[in-house]
Each structure stands twice: as C-alpha cells, then as structure tokens.
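Here the structure is laid out as structure tokens; the discussion comes afterwards.
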Amino acid sequence: MAADGFSVMARDDMQSIVDRAIKASVADNVTVVVTSSATGNTRFAANQLSTSGDISDTSVVVEAAFGPKHATVTGNDLSDDGLRQMVARAESLAKLSPDDPEAMPPLGAQQYTPVPAWFESTATLTAGDRAKAALTALQPARKATDITAAGFIVTGAQAVLTCNKAGLSAFHRSTSANYTLTVRTVDGTGSGWAAADNKDWSAIDFASVADRAVHKAQLARSPVAVEPGRYTVILEPQAVGDLVQLLAFGLNARLADEGRSPFAKTGGGNKIGEAIAAPAVTLFSDPLDPTLLSSPFDGDGYPLSRQVWIEKGVLQQLAYTRFWAKKQGKPFVGNPFGGGRFGFGGAAIKLAGGTMSTDEMIQSTDRGILVTRLWYLRQVDPRTLLFTGLTRDGTFLIEHGKVTHSVRNFRFNESPLFLLNNTEALGPAVRLAGTEIGGDCVMPTIKAHDFNFTSLSDAV
Amino acid sequence: MTDRRDFLKQSATLAAWVAVQDPRMRVLQAAGLELAGDPAAIRALLMAALNAAKMAGASYADVRVQRKSQNAVFTREHQVLNVVDADTIGCGVRVLVDGTWGFAATRVLTPDGVAAAAARAVSIAKANRVARADAVQLTPTAAYADVTWNGPFTTDPFTVPIEQKVDLLLRANAEALKVPTVQFVTSGLLFVKEERHFASTEGSFIQQTVVRSYPTMQVTAVSADHSDFQNRSNIAAPMARGWEYIVAQDVVGHAGQWAEQAAEKLKAKPVEVGRYDLVLHPSHLWLTIHESIAHPTELDRARGYEANFAGTSFVAPPEKMLGALKYGPEFMNIQGDRSQEGGMSTIGYDDEGVKPDTFLIIKHGVLDDYQTTREQANWLKWWYDKTGRPTRSHGCSYADGWANVQFQRMPNVSLLPGEKDIGWDDLIAATDRGIAIMGDGSFSIDQQRYNAQFGGQLFYEIRGGKIVGMLKDVAYQIRTPDFWNSMQMIGGKKSYEMFGAFNDGKGQPPQSNAVSHGSVPTKFAQVNVINTGRKG
C-alpha cells in the first residue's frame with residue numbers, strides 16, 4: 001500500500017481485516033466482503049478540462065447469520081473497534097430479524113479459475129497521464145474551431161475478498177480504463193460519440209476515438225426529419241448493448257415461474273427450450289472470455305463459469321438464486337446478473353458475433369436507419385420487456401444501400417426480445433464502453449427489421 | 001401470526017438490552033463512529049487539510065468530512081428479504097491552483113491522511129493546468145465561521161428498533177395479500193442520514209445533519225391464467241423527514257386500497273391512442289417537472305458541461321433564452337429553493353458554503369434564471385446586471401458523499417399554485433374527454449430535454465367532466481415547450497403537494513442526489529397518448 005493510501009490494498013491486508021472481523025463474531029456464520037479500490041477520473045467539456053479527482057476507499061460488508069436469521073452491515077472504519085462494532089451490529093440485527101424461510105446454509109470452500117483482469121499499466125496511472133490523453137481530443141477540437149469536445153476518462157483498480165466461517169475464500173482483482181467522448185458541432189446541429197474500454201490502459205487508442213467522434217459529428221450535421229414508424233435498423237454495437245443487456249435482468253427464473261415475466265408461459269411454467277429469438281442469436285456469459293474478463297464469482301462468492309442463456313435462438317436456461325434452484329430442483333450454476341446478496345452491479349454478458357461487416361449490412365439495405373447509440377432507456381411494460389428510449393449522437397438514413405442523410409433522433413418503444421427475434425445479420429462482437437446499467441458487455445452490430453420508432457425528437 | 005408477534009415482543013426487549021449493555025452499540029446508535037461524534041476532532045482534521053492545501057500552493061480549498069448512514073429493510077409477502085445497515089465516512093478535498101480544479105478523497109481520517117489527500121488534489125490541479133482554457137473564478141460568498149443546521153425530523157429513524165420496521169411492513173403486506181388476485185408484494189423502508197462538516201480557506205466552518213425517509217411498496221396482481229400481471233407501486237413520496245413521516249403515511253391502513261387498485265388494473269380497458277386532455281396529479285407531475293424543467297435549467301448543462309453523459313439543454317444558449325423563452329402560460333411560475341420543509345434538497349448551506357436563496361426559474365411563463373454554483377453565477381453577470389439583481393450563487397452545489405467532487409445539482413424545483421382556490425375534482429369537472437393520471441411510472445427524455453415519454457400508476461378515463469373507468473397501457477409523449485404551453489388550468493394553494501426523487505443521477509462519475517418537486521393538479525390540452533401494451 002502506497003504511503004498516502006491512494007492504491008489498492010494488498011491481499012494480505014484485506015485478509016487481516018477478514019480475520020479480525022471473523023474473530024470478533026459469535027454468530028453461526030459470518031460472511032465478510034472486503035472491497036478495496038483506487039480510482040482516478042478526468043472530465044473535460046467545452047474544449048477544456050473541467051474537474052478531475054482521485055478517490056480511494058476500502059469498505060467492508062459483514063453479514064451475520066444465526067440459523068435462518070441474518071442481517072448485513074457495511075462500513076469503512078477498519079480499526080479494531082470499527083470492525084467489532086460492525087460485527088456486533090450485524091449480529092444484533094440478525095438476532096432481531098424474523099427467520100428467513102429462504103435462508104441457505106453458508107457456502108464452503110470453492111474452486112475458482114483465476115481471471116487475468118489486472119493490468120499494471122492501468123493501476124499505476126497518474127492525473128498527468130489522463131490529462132495528456134484528454135489533449136488527444138482537446139487539441140484537434142480547439143484547432144478545428146467548428147467543434148467542441150466533451151469527454152470522460154476514468155481508470156480504476158479494485159480488489160474483492162469474500163470469506164466466511166465455513167471456509168469460503170474468493171479473491172479477485174481487476175483494473176479498468178474507460179473513455180467516452182462526445183463531439184458537437186458549434187452550429188448545434190451535429191453530435192458524434194465514440195468510446196473505448198479495456199482493462200489495459202495501454203490498449204486504448206485515444207487518437208482513434210477522437211477521429212471517430214469528430215467524423216461522426218461532422219456526418220451528423222443538419223439532420224432531416226424522417227417519419228417515425230417501423231424500420232429496418234442497423235444498430236452499432238453500443239446501441240445493441242444499450243437494449244440487449246437489459247434482457248439479462250429478464251432472464252430470471254423465479255419471475256418466470258411466478259408468472260410475471262415474458263418467459264412465463266400462459267397456463268404456468270416457463271419457456272425454457274422454446275425458440276425466443278432468431279436462429280443467429282447466441283447469448284452467453286463467461287468470465288474467461290478474453291473480451292469479458294469478468295468476475296470469476298457471483299455476489300455470494302459462488303464460482304461462475306461459461307453459461308449459455310440463448311443458443312441459436314432457443315432459450316437454454318434462466319438465472320436461479322441458490323434458494324430458487326433448490327426449491328425447483330434445478331442445478332445451481334451461480335448468478336452473474338446481480339443475484340447475490342453483496343451488491344453486484346451490472347451484468348457481464350456477450351452476444352456472439354457474426355461475420356457481416358457494417359458496410360455489407362448497409363449495402364444490403366434498401367431503406368433503413370443506422371443507429372450509433374441509445375439513451376435513457378426505461379421499462380414501459382414488464383410483460384414484454386418493452387423499453388422506451390431515444391437514439392443519440394449519430395442517426396442516419398440508409399437508402400438503396402447507401403447512407404444518404406443524417407436524420408433527427410427518434411424515440412423508440414421496443415423490446416430486446418422483439419429485436420433479437422427480428423435479427424437478420426450480426427457483425428463481429430466488440431467490448432462496449434459501458435451501458436446505462438454497467439457491467440462487462442460485448443455486443444456485435446445487428447441488422448434487424450421492424451424496429452419501432454414512435455416519435456421524433458428535436459434533440460441533437 | 002401470534003408467533004411472530006411474540007417474537008417481535010421478545011426482540012424489542014432484546015434490543016433494549018443490547019443497547020444498554022453494549023457501549024459500542026450506544027456509540028453507534030447515538031452518535032455513530034467516534035470521530036463523527038467529536039466536532040473538535042473533525043475541525044482539527046478539516047484545518048489540517050486546508051493547511052496542507054495552502055502549503056502545497058492552492059489559492060482556494062474546501063474540505064468536507066461527511067458521514068452517510070443508511071438503513072434499509074426489504075420484505076416480500078410474509079418474509080424479510082434483508083436488513084442492511086451501511087455506513088461510510090471520509091474526507092474530500094477540493095482545491096483551485098492557478099484557476100484549475102483538483103480533487104482527492106480518502107477514508108484515512110488522520111491529520112496525515114487528509115493532508116496527503118490535499119497534497120494530491122493540488123498535484124492533480126497542477127497536472128490539469130495544461131488542459132484547461134479559462135481560469136475558474138468563484139462568485140463571492142459570505143463566510144459562516146461556526147454555524148450548525150439540522151433537518152426537520154423529530155424522530156431519528158436510526159433510533160427506531162428494527163422489529164418495529166419489520167412489523168409495519170409485514171402487516172402492510174398481509175393487508176395487500178387479502179385481495180384475491182394479488183399474489184406478490186414487496187415493500188421496504190429506506191433511511192439515510194448525512195452528517196456534513198465543511199470548511200473553506202475563506203473561513204467557513206459549517207455542520208449540518210439531514211435525514212431522509214422512504215417507504216416503498218409494489219403490489220402485483222396476476223390473472224388466473226398467467227396471461228397478464230399488473231403492478232401498483234411508487235406510492236408514498238420520499239421526504240427529508242424522520243420516522244414520524246413513515247408513521248403518518250399509514251401504509252398498513254392504505255395497503256388494501258393499493259392492492260385493490262392493482263387488481264382493478266387487470267380489468268382496465270386498454271387505452272385508444274390519440275390526443276387527450278390530461279389532468280395530472282402532483283404524485284405524477286413532479287417527475288414531468290423534474291425531467292422537463294428542472295434538468296434543462298441546470299446552467300452546466302446549458303453551457304455544455306454535461307454534454308458527454310447527461311446531455312445539454314434546449315434552454316440554451318442563456319444569452320438567447322433569459323427573458324425571452326416562453327416556457328408556458330402567464331400563470332406558470334417555477335421556483336427553485338432549498339428551504340421548503342421536508343424537501344429533499346433542503347439544506348442550510350450548500351457544499352461550497354453558500355446559503356441558498358429562493359428564486360424564480362420561470363416567471364409568468366418566461367425563463368428568468370438558471371440553477372447555479374459559485375463558479376457558474378459569474379457566467380450570468382450580464383443578466384443580473386441588466387435586471388438589477390446581485391450576482392450570487394443560488395446555492396446549488398452538492399456532492400454525493402465524501403468521495404465525490406461537488407458540482408451543480410438541482411434545488412427543489414416546484415410549480416407554484418394558481419390564484420384560484422380549485423383542486424383535482426374541479427379540473428376533472430372541467431374536462432370533457434381526457435385522462436387523469438396519478439403516480440409516476442416509466443420516464444424517458446432525450447439529452448436536450450425536448451422529447452419525453454411518461455407512464456404513470458393509475459389512469460382514469462374522463463368523459464363529460466366525470467371519471468368513468470380505469471384505463472391501462474397509457475403513456476404520453478411530449479415536446480417540452482409545446483407541452484407546457486398547452487397548460488390550461490392549475491390548482492390553488494390547498495392542492496399543493498410535494499413528491500420527489502430519492503436517487504437522481506448526474507455527472508461523471510455518476511453521482512446521486514435527492515430532490516423534491518412540489519406542484520398542484522394541472523390540466524393540459526390535447527396531449528399525444530400512446531398504447532404501450534404490445535404483444536409482438
């Protein structure tokens with residue numbers, strides 16, 4: 001640990017926190033999750049750097065359980081006294097809680113396949129490195145005089161250690177580097193966006209991101225209005241991820257079994273084994289996929305492995321909690337979609353890519369809309385996973401195999417299920433720089449028919 | 001049921017015993033972490049950070065030691081899902097060096113720890129100098145040398161025993177489950193307490209405590225053949241009040257009615273698409289105000305500072321909009337304030353030591369001001385000079401805890417009542433063909449705040465001035481300026497109510513704040529309504 005505390009704790013130091021907390025406990029079981037992080041960020045807008053900061057924290061989650069009673073306490077006071085207080089509070093709350101009929105026995109020791117998600121090039125970055133990276137967009141934008149750049153560079157290093165009295169000990173550390181850039185034309189009629197994300201800072205090509213965003217902003221200038229309606233769309237990977245990643249939270253076995261999900265069958269039961277998407281669609285999670293490199297365990301510390309959710313259009317399985325799997329007599333394979341107790345954000349998921357290039361998709365389209373990304377997605381109807389939202393930062397009309405106009409942004413009302421049903425072709429899958437819900441996400445470009453645009457927006 | 005009551009009775013005794021016997025519990029429940037209960041020690045830390053920042057070359061610095069405590073209980077049907085207590089404390093230091101910002105935050109609350117953060121913030125500011133253009137200039141503010149401000153709660157929810165919270169929720173769930181088609185209920189209680197300590201190199205030292213409380217419930221009715229299900233949720237507003245507010249909501253007494261509404265939605269008529277007059281209740285309209293007025297009048301958005309994420313604003317550039325943009329009819333007045341009692345943005349001093357004022361954002365239908373911080377108020381000096389007002393920050397600086405840098409966040413933004421003493425029923429009586437909407441549902445708006453779509457919780461068909469039945473699958477789409485200019489009638493003072501957002505996101509890295517929006521029932525003419533019930 002660096003002298004000023006602005007770096008991630010070593011595993012031994014994290015283990016000593018766990019040991020002290022477990023030693024202080026009298027509960028039947030106690031689970032301790034230590035998360036240590038150091039992040040740095042740099043923002044710029046209106047062609048200049050605005051704010052920038054470094055943040056470091058180590059927090060501890062203590063879950064105490066007496067038989068089927070349990071409670072959780074979180075804090076960041078790591079002194080002996082602070083940890084003792086946390087454990088005592090968790091134990092007193094657990095004793096006062098009613099029995100949880102769904103409580104599961106603690107997990108014992110597990111086997112994990114380590115995921116190589118830590119890159120020293122990212123962990124050792126400074127504010128100066130970030131400022132230099134920002135200049136790769138700021139300098140050309142200032143020079144051009146007719147565009148303004150706004151962007152965000154955020155890097156982080158994080159380590160998680162999850163242990164309990166029954167022998168569970170799960171450790172994972174990872175780094176992250178994320179860059180998003182919006183370029184707007186000074187006349188206010190064009191906006192373009194580009195981004196990059198990698199666990200390895202040195203793999204991010206900042207100049208290329210700037211080129212793409214500037215090019216897109218210039219192409220997007222002076223959009224024309226096109227009637228809303230059902231269109232063939234070519235959604236770039238970010239737009240696909242914005243909508244399709246939301247499907248992960250719908251892949252919930254319990255909601256389907258309880259009759260309140262699109263995967264519930266009329267008359268009871270769920271749709272596992274049924275074709276729910278086009279034959280080209282295969283959706284899976286896999287911590288070891290080199291484009292994902294996601295956590296090797298879920299929020300409860302259960303090992304995660306490759307799981308296929310939709311294969312060639314057929315629903316293969318739904319995500320269970322340990323309790324629901326036991327109750328339904330199903331095998332439990334971990335839950336990568338936030339199913340654990342200890343706060344797991346986002347959903348690590350990949351939609352397998354195809355071979356068609358975006359240019360080929362455009363050439364094969366008589367009339368359609370090319371979409372850069374989607375924005376402000378909110379669920380409208382849980383029965384169909386219908387979401388509304390808007391296109392943003394580069395929306396174009398395709399006519400007779402060519403991009404002919406920048407068009408005004410659309411509002412859509414669409415479900416990722418309908419999109420995957422109407423999918424005609426897929427491009428290579430690429431890692432996204434974050435969706436509205438976060439998490440490691442890898443998606444291809446998709447060409448699909450009958451995407452439902454319901455109104456126009458004046459927004460640029 | 002008897003078993004559970006017995007358990008709760010015993011556990012109440014146990015809670016009292018634990019609290020008395022265990023000195024650590026007393027510390028935690030009364031004053032929190034030892035440092036958090038020791039203002040002198042915190043003051044020494046704040047001073048250590050300020051000194052280190054000045055020594056390293058900062059021309060200005062402010063430092064915040066903040067503790068955020070959260071308590072939550074989540075239930076479903078007859079069981080408790082989880083009981084969670086979360087507590088975080090740390091220190092954030094913000095500095096200006098040669099007109100450039102730097103920020104660093106640490107959980108190491110020792111004089112050395114906060115001094116290291118201050119030095120790091122200065123080094124970041126120096127590294128950033130190469131990429132900034134215009135030097136930051138702060139609008140002057142008074143210094144508040146030793147002031148304290150506390151929110152209006154009477155019972156601190158963190159002192160209420162957990163079994164009392166559990167009992168309330170499980171009784172409410174049981175009431176809801178008495179309705180035949182209601183098969184699922186989730187409910188929860190969320191409490192936040194923020195203890196904030198602020199000091200600046202300009203001589204302020206400010207201590208503040210805020211408590212927020214939020215009762216949640218979602219009731220789900222499922223049709224017998226599993227072909228449909230309907231939710232009723234977003235019922236009680238979150239408020240910056242204490243346990244007394246939760247008690248006053250009487251969720252047990254109301255749960256049956258909410259469950260009946262969920263069941264009734266199964267039988268509701270799907271809406272026919274078209275244009276309708278809308279009568280919107282304050283439990284719904286708050287969110288429309290939030291999205292289509294409060295966000296676009298944030299000055300940082302209007303100036304492009306949020307372009308990469310939250311977006312810009314159609315209310316831009318300020319030079320062309322102030323005094324000119326007709327947002328709505330003459331009787332439309334939108335106020336920004338951080339003083340309404342119970343409002344979630346209400347505070348004594350903002351996160352850069354400014355005492356907020358109450359101001360009109362829209363006056364008689366015309367844009368009159370933006371939400372500002374000290375850095376931003378100078379940008380509007382020309383307008384304040386022109387209209388004979390002092391150039392001052394409106395006190396809209398806010399940071400989500402110690403680990404985030406403060407920036408512009410919204411005050412309570414509210415639609416002020418009309419002069420006529422009319423209310424909900426009068427607006428319905430004045431509507432020939434329309435839809436009345438209560439409660440907030442799905443919401444989505446573009447990055448310049450023009451095109452929005454809002455759902456709701458309860459939709460009622462109005463014919464000939466009367467409610468004739470329930471509708472479902474309703475959402476309306478608007479273009480913001482057209483929508484507000486179609487406002488025809490608003491309720492009077494007696495019909496004013498406040499609702500709000502417990503977690504509103506903005507910024508990179510994303511920060512969350514809490515904010516309230518007051519309004520009166522309001523009637524809009526000929527709004528575009530769509531049907532959201534799609535089968536494929």
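The way I read the labels, and the way they are meant: chains A, B, ... in the order of the structure tokens, residue 1 as the first residue of every chain, and ligand 1 as the first ligand shown, with later ones counted on from there.
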
Those of stretch 148-364 of chain A in DSSP helix (DSSP H, G or I), formatted as a PyMOL selection string: chain A and resi 201-203+206-220+237-244+247-250+253-257+322-328+358-363

DSSP-assigned strand (DSSP E or B) members of stretch 38-100 of chain B, reported as a ChimeraX atom specification: /B:60-76,79-97,100

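Compared by their closest atoms to chain A, and using only C-alpha atoms, the residues B:Tyr460, B:Tyr60, B:Phe314, B:Trp149 rank with B:Phe314 nearest.
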
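Atom CA of B:Ile347 lies 12.9 Å from atom CA of B:His197.
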
For A:Phe6: contacts at 9 Å, only C-alpha atoms, fewer than 5 positions along chain excluded, given as a list in words: Met1, Ser37, Ala38, Thr39, Asp54, Ile55, Ser56 and Asp57 of chain A; Ala105, Thr106 and Ala117 of chain B

Can you write just those residues out, N, CA and C atoms, as an mmCIF file, in the first residue's frame?
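Writing the result to again.cif gives the following:
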```cif
data_model
loop_
_atom_site.group_PDB
_atom_site.id
_atom_site.type_symbol
_atom_site.label_atom_id
_atom_site.label_comp_id
_atom_site.auth_asym_id
_atom_site.auth_seq_id
_atom_site.Cartn_x
_atom_site.Cartn_y
_atom_site.Cartn_z
ATOM 1 N N MET A 1 0.847 -1.197 0.000
ATOM 2 C CA MET A 1 0.000 0.000 0.000
ATOM 3 C C MET A 1 0.884 1.249 0.000
ATOM 4 N N SER A 37 -10.509 -0.098 -3.363
ATOM 5 C CA SER A 37 -10.470 0.489 -4.703
ATOM 6 C C SER A 37 -9.687 1.789 -4.716
ATOM 7 N N ALA A 38 -9.106 2.071 -5.854
ATOM 8 C CA ALA A 38 -8.460 3.362 -6.103
ATOM 9 C C ALA A 38 -8.832 3.757 -7.515
ATOM 10 N N THR A 39 -9.496 4.896 -7.666
ATOM 11 C CA THR A 39 -9.909 5.319 -8.998
ATOM 12 C C THR A 39 -9.446 6.745 -9.267
ATOM 13 N N ASP A 54 -8.928 11.964 -7.646
ATOM 14 C CA ASP A 54 -8.522 10.609 -7.268
ATOM 15 C C ASP A 54 -9.269 10.232 -5.996
ATOM 16 N N ILE A 55 -9.764 9.014 -5.947
ATOM 17 C CA ILE A 55 -10.556 8.578 -4.798
ATOM 18 C C ILE A 55 -10.076 7.200 -4.367
ATOM 19 N N SER A 56 -9.883 7.021 -3.082
ATOM 20 C CA SER A 56 -9.553 5.676 -2.617
ATOM 21 C C SER A 56 -10.427 5.321 -1.427
ATOM 22 N N ASP A 57 -10.819 4.059 -1.380
ATOM 23 C CA ASP A 57 -11.678 3.613 -0.277
ATOM 24 C C ASP A 57 -11.515 2.109 -0.102
ATOM 25 N N ALA B 105 -9.980 12.307 -2.497
ATOM 26 C CA ALA B 105 -10.818 11.861 -1.390
ATOM 27 C C ALA B 105 -10.229 10.609 -0.758
ATOM 28 N N THR B 106 -10.284 10.561 0.560
ATOM 29 C CA THR B 106 -9.686 9.443 1.276
ATOM 30 C C THR B 106 -10.548 9.027 2.461
ATOM 31 N N ALA B 117 -4.295 13.724 1.061
ATOM 32 C CA ALA B 117 -5.354 13.951 0.069
ATOM 33 C C ALA B 117 -5.278 15.372 -0.473
#
```

Contact residues around stretch 126-129 of chain A with only C-alpha atoms at 7 Å, ignoring same-chain residues under 3 positions, as a list of chain:residue names: A:Lys132, A:Ala133, B:Ile124, B:Ala127, B:Asn128

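Ranking B:Lys381, B:His364, B:Lys472, B:Arg132 by their shortest atom-to-atom distance to chain A, with only C-alpha atoms included, puts B:Arg132 first.
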
Spatial neighbours of stretch 302-310 of chain A, 10 Å, only C-alpha atoms, chain gap at least 3 places, as JSON, numbers by chain: {"A": [107, 108, 109, 110, 111, 112, 113, 168, 170, 248, 251, 272, 273, 274, 275, 276, 277, 279, 281, 282, 283, 284, 285, 286, 287, 288, 289, 294, 295, 296, 297, 298, 299, 313, 314, 315, 316, 317, 318, 319, 322, 332, 333, 334, 335, 336, 340, 349, 350, 351]}

Residues just named, written with C-alpha atoms as a short mmCIF file (atom, residue, chain, number, x, y, z; two decimals), in the first residue's frame:
```cif
data_model
loop_
_atom_site.label_atom_id
_atom_site.label_comp_id
_atom_site.auth_asym_id
_atom_site.auth_seq_id
_atom_site.Cartn_x
_atom_site.Cartn_y
_atom_site.Cartn_z
CA LEU A 107 -21.14 -21.84 1.06
CA GLY A 108 -17.99 -23.79 1.91
CA ALA A 109 -14.65 -23.58 0.12
CA GLN A 110 -14.98 -23.35 -3.67
CA GLN A 111 -12.65 -23.72 -6.64
CA TYR A 112 -12.16 -20.70 -8.88
CA THR A 113 -10.42 -20.27 -12.17
CA LEU A 168 -15.31 -19.73 1.60
CA ALA A 170 -12.91 -15.84 -3.03
CA ALA A 248 -30.14 -10.12 -18.59
CA LEU A 251 -33.60 -13.92 -17.53
CA ILE A 272 -37.03 -22.87 -21.41
CA GLY A 273 -36.49 -24.93 -24.56
CA GLU A 274 -38.60 -22.65 -26.75
CA ALA A 275 -37.34 -20.57 -29.66
CA ILE A 276 -37.48 -16.96 -28.50
CA ALA A 277 -35.04 -15.31 -30.94
CA PRO A 279 -31.51 -18.66 -35.13
CA VAL A 281 -28.70 -15.35 -31.75
CA THR A 282 -26.48 -16.89 -29.06
CA LEU A 283 -26.19 -15.08 -25.72
CA PHE A 284 -23.80 -16.20 -23.00
CA SER A 285 -21.70 -15.20 -20.04
CA ASP A 286 -18.14 -16.39 -19.48
CA PRO A 287 -15.64 -14.77 -17.07
CA LEU A 288 -12.70 -16.15 -19.06
CA ASP A 289 -13.77 -14.84 -22.44
CA SER A 294 -15.44 -10.52 -15.67
CA SER A 295 -15.53 -11.64 -12.05
CA PRO A 296 -14.94 -15.38 -11.51
CA PHE A 297 -17.59 -15.48 -8.78
CA ASP A 298 -21.02 -14.02 -8.17
CA GLY A 299 -22.22 -11.78 -5.38
CA GLY A 313 -32.40 -18.65 -30.76
CA VAL A 314 -33.56 -21.20 -28.18
CA LEU A 315 -33.88 -20.26 -24.50
CA GLN A 316 -31.48 -22.67 -22.77
CA GLN A 317 -31.85 -21.67 -19.15
CA LEU A 318 -32.84 -18.88 -16.79
CA ALA A 319 -30.86 -17.49 -13.87
CA ARG A 322 -29.48 -20.77 -4.77
CA PHE A 332 -27.30 -24.05 -9.45
CA VAL A 333 -24.57 -22.55 -11.61
CA GLY A 334 -24.11 -19.15 -9.96
CA ASN A 335 -25.90 -15.95 -10.90
CA PRO A 336 -23.96 -13.38 -12.92
CA GLY A 340 -26.01 -12.32 -4.88
CA ILE A 349 -22.83 -10.77 -20.93
CA LYS A 350 -21.84 -11.38 -24.54
CA LEU A 351 -23.87 -11.72 -27.68
#
```

For B:Asp250: contacts at 10 Å, only C-alpha atoms, fewer than 3 positions along chain excluded, given as a ChimeraX atom specification: /B:168,172,236,245-247,253-255

Nearby residues (only C-alpha atoms) at most 10 Å from B:Val179, same-chain spacing under 5 positions excluded, as number ranges by chain: B: 174, 221, 256-263

Go ahead and write the residues just picked, N, CA and C atoms, as a PDB file, in the first residue's frame.
```pdb
ATOM      1  N   ALA B 174     -49.487  -8.097   4.467  1.00  0.00           N
ATOM      2  CA  ALA B 174     -50.610  -9.001   4.750  1.00  0.00           C
ATOM      3  C   ALA B 174     -51.931  -8.366   4.327  1.00  0.00           C
ATOM      4  N   ALA B 221     -50.687  -7.905  -9.048  1.00  0.00           N
ATOM      5  CA  ALA B 221     -51.857  -8.762  -9.259  1.00  0.00           C
ATOM      6  C   ALA B 221     -51.615  -9.578 -10.530  1.00  0.00           C
ATOM      7  N   GLY B 256     -54.501  -2.150   1.567  1.00  0.00           N
ATOM      8  CA  GLY B 256     -55.632  -2.833   0.943  1.00  0.00           C
ATOM      9  C   GLY B 256     -56.135  -2.081  -0.277  1.00  0.00           C
ATOM     10  N   GLN B 257     -56.193  -0.768  -0.151  1.00  0.00           N
ATOM     11  CA  GLN B 257     -56.662   0.070  -1.254  1.00  0.00           C
ATOM     12  C   GLN B 257     -55.688  -0.002  -2.438  1.00  0.00           C
ATOM     13  N   TRP B 258     -54.386   0.020  -2.151  1.00  0.00           N
ATOM     14  CA  TRP B 258     -53.403  -0.067  -3.225  1.00  0.00           C
ATOM     15  C   TRP B 258     -53.502  -1.426  -3.924  1.00  0.00           C
ATOM     16  N   ALA B 259     -53.755  -2.448  -3.141  1.00  0.00           N
ATOM     17  CA  ALA B 259     -53.897  -3.792  -3.714  1.00  0.00           C
ATOM     18  C   ALA B 259     -55.140  -3.872  -4.595  1.00  0.00           C
ATOM     19  N   GLU B 260     -56.221  -3.260  -4.143  1.00  0.00           N
ATOM     20  CA  GLU B 260     -57.445  -3.219  -4.970  1.00  0.00           C
ATOM     21  C   GLU B 260     -57.163  -2.530  -6.296  1.00  0.00           C
ATOM     22  N   GLN B 261     -56.332  -1.493  -6.250  1.00  0.00           N
ATOM     23  CA  GLN B 261     -56.006  -0.769  -7.488  1.00  0.00           C
ATOM     24  C   GLN B 261     -55.212  -1.662  -8.443  1.00  0.00           C
ATOM     25  N   ALA B 262     -54.274  -2.445  -7.899  1.00  0.00           N
ATOM     26  CA  ALA B 262     -53.512  -3.373  -8.760  1.00  0.00           C
ATOM     27  C   ALA B 262     -54.464  -4.368  -9.405  1.00  0.00           C
ATOM     28  N   ALA B 263     -55.396  -4.892  -8.613  1.00  0.00           N
ATOM     29  CA  ALA B 263     -56.354  -5.868  -9.132  1.00  0.00           C
ATOM     30  C   ALA B 263     -57.250  -5.239 -10.201  1.00  0.00           C
TER      31      ALA B 263
END
```

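Between atom CA of A:Ile147 and atom CA of A:Val186 the interatomic distance comes to 5.1 Å.
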